[in-house]
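Colleague: Please find one structure pasted underneath; my questions will follow.
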Amino acid sequence: MTYSLNPNVLNLPANPLRRIFEQARPGMINLASGHPNPVYCDSAGLEAASQLAAQDQSSWRYGASSGDPDLIEALSPWLTHADNTSSLITSGAQQGIFLACQALGQSGQTLLVPDPVYPAVLSVAVLLGLDIMPYRVSSVSAALEDVKATTETQSNLCAIYVLPTFANPNGDTWSLEERDALLDICAAANLPIIEDDPYRELWFQTTPPARLIERAAERGLDLPVLSLGSLSKIVAPGLRVGWVQGPIALVSAMTAARQAADLQPNSLAQRVALHYLLSGSLEPHLAKVRGEYAQAHHDFASELENVGFTRLAVAGGMFVMPHLPETTRLEGLIEHINAEGLLVAPGSAFAIDTSTPSRQLRLCFASLPRQDLAKAGKKLAKAVETWS
Ligand SMILES: Cc1ncc(COP(=O)(O)O)c(C=O)c1O
C-alpha cells in the first residue's frame with residue numbers, strides 16, 4: 001500500500017512525557033501527569049446528571065454547531081460578559097486552541113508561545129504549518145520584554161498564545177498590571193491574543209485578576225482576544241466540554257471551521273454538563289476541591305522547601321515548577337527519583353528546546369489524594385536531598 005502523508009502530520013512532535021511514562025512500574029507514585037485524581041471528581045453528581053441526560057431527547061439528536069444554547073446559558077456564571085462577543089462550545093480547551101490557531105494563522109506565519117509551554121500547543125502549530133517564536137516566562141517581566149521586542153521586529157505574527165492564570169507548566173499567575181501591560185503591547189502591534197484559561201476556577205484564597213478578554217473590553221481596547229475555558233479541570237476531563245469566547249465574527253469563523261471537522265459538540269456530553277450545572281452541584285464541589293488543592297499544595301510545598309527547593313508558591317491551579325536545591329546534581333537525577341518509586345517530569349519536557357537540561361521539575365499536586373501527596377512530597381524531598 002502506498003500513500004503519502006501530509007508532512008505536517010508526519011512531523012507531529014512526540015509527547016515529551018512519553019519517555020517518562022516508559023519508566024512507569026506498578027506501584028509507582030505519579031507526580032508527572034497533569035490529571036486530576038478521581039477522588040476530586042463528583043461521581044455521584046455526574047451519575048445523577050447522566051441519568052437525566054439519558055432521558056432527555058435532545059441528548060440523542062444533532063444540535064447547533066456552536067453548542068447547546070441551554071448549556072451556554074447555564075455556563076453563564078463562568079463566562080465573560082464582554083460586549084460584542086459570542087461563545088462556541090468546544091471539545092475541551094484543546095479544540096479551542098486548535099480552532100483559534102486555525103482561524104488566525106496561515107501556514108508560514110508565526111505563533112508566539114511561552115517557554116516553557118503546554119506541549120500540545122506545539123502540535124497544533126506543526127499541524128497547521130505555523131512557525132513558533134518563544135517568549136520566556138521565567139518571570140512576567142521577561143515575558144513582557146520578549147513579547148514587546150518580538151512585536152517590534154517581526155512582521156509575520158498571527159497571534160500570541162498566553163496562559164496568564166495558574167499556568168501549566170509553571171503555575172504562575174499574572175497580576176492585573178501585568179495583564180494590562182500585555183494588552184497594551186498587543187494592541188500597539190494589533191496582535192490577536194489566544195488566552196488559555198482552563199485552571200481559572202481552581203484558586204486557593206482569592207479569585208484571580210480579570211481575564212484578558214474582560215480587561216480588554218473594560219479598557220475599550222480594539223484588540224481581538226479569544227478566551228478558552230473548560231470543564232475538564234473542574235468537572236471531568238472525559239466530558240470533553242470546553243468553550244471559546246471572542247469577537248462575534250471571529251467565533252463564527254471558528255464555528256464554520258469546526259463544522260467542517262466534527263459538525264457540533266457531542267450532544268449527550270453537553271446535556272450531562274447542563275444537568276450537572278443545573279443541579280447546583282458545581283459551586284459546592286469547587287469549594288471542596290479548592291480547599292483540598294490549597295491544603296495539598298501547602299503540605300507538599302513545605303516538604304520540598306525544607307530541603308531547599310525554591311519557587312513553590314502558586315495561588316491556584318494544579319502545578320508547581322520548582323527549582324531544585326542548588327547542590328542537587330542533575331546527572332542521573334530523574335533515574336534516581338524513578339528508582340525511589342516516583343515519576344516526575346523534568347522541566348526540559350516543557351522547554352522549546354527539550355535537549356537543554358533543566359534545574360526545574362514540573363509536579364502536579366492534584367494527581368494524588370491529599371494524604372498520599374504529603375507522603376510523596378517527603379519521599380521526593382529525601383530522594384533529592386540524597387543526590388548532591
Ligand atoms: C494549558 C492547557 N490548555 C488546554 C488543556 C486541554 O484541556 P481540555 O481537557 O479542556 O481540552 C490542558 C490540559 O491539560 C492544559 O493544561
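Naming scheme: A, B, ... for chains in displayed order of the C-alpha cells; residues 1 onward per chain; ligands 1 onward as shown.
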Which residues sit within 8 Å of ligand 1, counting only C-alpha atoms and all ligand atoms, listed as JSON, numbers by chain?
Modeller: {"A": [34, 35, 91, 92, 93, 94, 95, 96, 97, 118, 120, 163, 167, 168, 169, 196, 197, 198, 199, 229, 230, 231, 232, 233, 237, 238, 240, 241, 242]}
Colleague: Okay, now the selection with C-alpha atoms, as a compact mmCIF listing (two decimals), in the first residue's frame?
Modeller:
```txt
# COMPACT_ATOMS: atom_id res chain seq x y z
CA GLY A 34 -1.48 16.58 34.74
CA HIS A 35 -4.59 14.57 35.53
CA SER A 91 -14.34 19.56 22.74
CA GLY A 92 -12.27 20.83 25.66
CA ALA A 93 -9.93 23.80 25.64
CA GLN A 94 -7.69 21.77 23.34
CA GLN A 95 -10.10 22.09 20.42
CA GLY A 96 -10.36 25.77 21.27
CA ILE A 97 -6.58 26.14 20.88
CA TYR A 118 2.00 23.38 27.43
CA ALA A 120 0.07 20.30 22.90
CA LEU A 163 -1.82 31.31 29.92
CA ALA A 167 -0.27 28.28 34.20
CA ASN A 168 0.66 24.83 33.04
CA PRO A 169 3.54 24.09 33.41
CA ASP A 196 -5.99 29.70 27.51
CA ASP A 197 -7.77 29.66 30.87
CA PRO A 198 -8.74 26.12 31.96
CA TYR A 199 -7.42 26.44 35.56
CA GLY A 229 -12.33 27.71 29.16
CA SER A 230 -13.07 24.12 30.07
CA LEU A 231 -14.95 21.82 32.42
CA SER A 232 -12.05 19.35 32.29
CA LYS A 233 -10.26 20.53 35.43
CA PRO A 237 -11.93 15.75 31.60
CA GLY A 238 -13.74 12.82 29.97
CA ARG A 240 -14.74 16.93 26.68
CA VAL A 241 -16.69 20.13 27.21
CA GLY A 242 -14.94 23.47 26.86
```
Colleague: Need to verify the contact set: segment 214-217 of chain A, 7 Å, only C-alpha atoms, exclusion of same-chain residues closer than 2 positions in sequence. Can you return it as an NGL selection string?
Modeller: :A and (80 or 82 or 183 or 210-212 or 219-221)
Colleague: Write out the residues from the selection above, keeping C-alpha atoms, as an mmCIF file, in the first residue's frame.
Modeller:
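Written out: result37.cif:
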```cif
data_model
loop_
_atom_site.group_PDB
_atom_site.id
_atom_site.type_symbol
_atom_site.label_atom_id
_atom_site.label_comp_id
_atom_site.auth_asym_id
_atom_site.auth_seq_id
_atom_site.Cartn_x
_atom_site.Cartn_y
_atom_site.Cartn_z
ATOM 1 C CA THR A 80 -17.234 36.632 30.318
ATOM 2 C CA ALA A 82 -17.844 41.499 27.372
ATOM 3 C CA LEU A 183 -2.755 44.092 26.350
ATOM 4 C CA ALA A 210 -9.796 39.638 35.279
ATOM 5 C CA ARG A 211 -9.498 37.596 32.131
ATOM 6 C CA LEU A 212 -7.646 39.327 29.296
ATOM 7 C CA ARG A 219 -10.431 49.334 28.820
ATOM 8 C CA GLY A 220 -12.126 49.784 25.437
ATOM 9 C CA LEU A 221 -9.182 48.251 23.559
#
```
Colleague: Do a neighbour search on Arg290 of chain A at 10 Å with only C-alpha atoms, toss out local chain neighbours closer than 3 positions, and write the hits as number ranges by chain.
Modeller: A: 40, 201-205, 234, 284-287, 293-296, 316-317
Colleague: Suppose we keep C-alpha atoms; can you now write the selection as an mmCIF file, in the first residue's frame?
Modeller:
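As written to disk, selection21.cif reads:
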```cif
data_model
loop_
_atom_site.group_PDB
_atom_site.id
_atom_site.type_symbol
_atom_site.label_atom_id
_atom_site.label_comp_id
_atom_site.auth_asym_id
_atom_site.auth_seq_id
_atom_site.Cartn_x
_atom_site.Cartn_y
_atom_site.Cartn_z
ATOM 1 C CA TYR A 40 -11.562 15.021 43.127
ATOM 2 C CA GLU A 201 -11.635 28.363 38.935
ATOM 3 C CA LEU A 202 -9.028 26.459 40.960
ATOM 4 C CA TRP A 203 -7.952 29.423 43.121
ATOM 5 C CA PHE A 204 -6.849 28.872 46.739
ATOM 6 C CA GLN A 205 -7.667 32.098 48.639
ATOM 7 C CA ILE A 234 -13.342 21.439 37.426
ATOM 8 C CA PRO A 284 -20.074 23.278 46.446
ATOM 9 C CA HIS A 285 -17.876 20.803 44.579
ATOM 10 C CA LEU A 286 -15.490 23.579 43.574
ATOM 11 C CA ALA A 287 -15.403 24.944 47.119
ATOM 12 C CA TYR A 293 -5.828 21.600 46.485
ATOM 13 C CA ALA A 294 -4.795 24.528 48.671
ATOM 14 C CA GLN A 295 -4.011 22.196 51.577
ATOM 15 C CA ALA A 296 -2.365 19.604 49.312
ATOM 16 C CA GLY A 316 -4.112 28.077 42.496
ATOM 17 C CA GLY A 317 -4.228 25.543 39.680
#
```
Colleague: Compile the contact shell of segment 329-342 of chain A as a VMD selection string: residues with an atom at most 9 Å away, counting only C-alpha atoms, same-chain residues fewer than 5 positions apart removed.
Modeller: chain A and resid 20 23 to 25 27 to 32 357 to 359 376 379 to 380 383 to 384 387 to 388
Colleague: If you count only C-alpha atoms, which residues fall within 12 Å of Ala149 of chain A, apart from same-chain ones fewer than 5 positions away, as a PyMOL selection string?
Modeller: chain A and resi 112+133-136+142-144+154-155+185-186+189
Colleague: Taking 2 positions as the minimum chain separation for residues in the same chain, which residues sit within 9 Å of Val251 of chain A when counting only C-alpha atoms? Answer as a PyMOL selection string.
Modeller: chain A and resi 66+85-88+100+103+226+244-249+253-256
Colleague: Which residues, written as a PyMOL selection string, have at least one atom at most 8 Å from Leu130 of chain A, with only C-alpha atoms counted and residues fewer than 6 positions away on the same chain left out?
Modeller: chain A and resi 105-111
Colleague: Based on the selection just made, write C-alpha atoms of those residues as a PDB file, in the first residue's frame.
Modeller:
```
ATOM      1  CA  GLY A 105      -2.916  31.636  11.485  1.00  0.00           C
ATOM      2  CA  GLN A 106      -1.868  30.881   7.945  1.00  0.00           C
ATOM      3  CA  SER A 107       0.861  28.408   7.071  1.00  0.00           C
ATOM      4  CA  GLY A 108       4.219  30.173   7.349  1.00  0.00           C
ATOM      5  CA  GLN A 109       3.029  32.708   9.900  1.00  0.00           C
ATOM      6  CA  THR A 110       4.434  32.741  13.428  1.00  0.00           C
ATOM      7  CA  LEU A 111       2.681  31.986  16.694  1.00  0.00           C
TER       8      LEU A 111
END
```
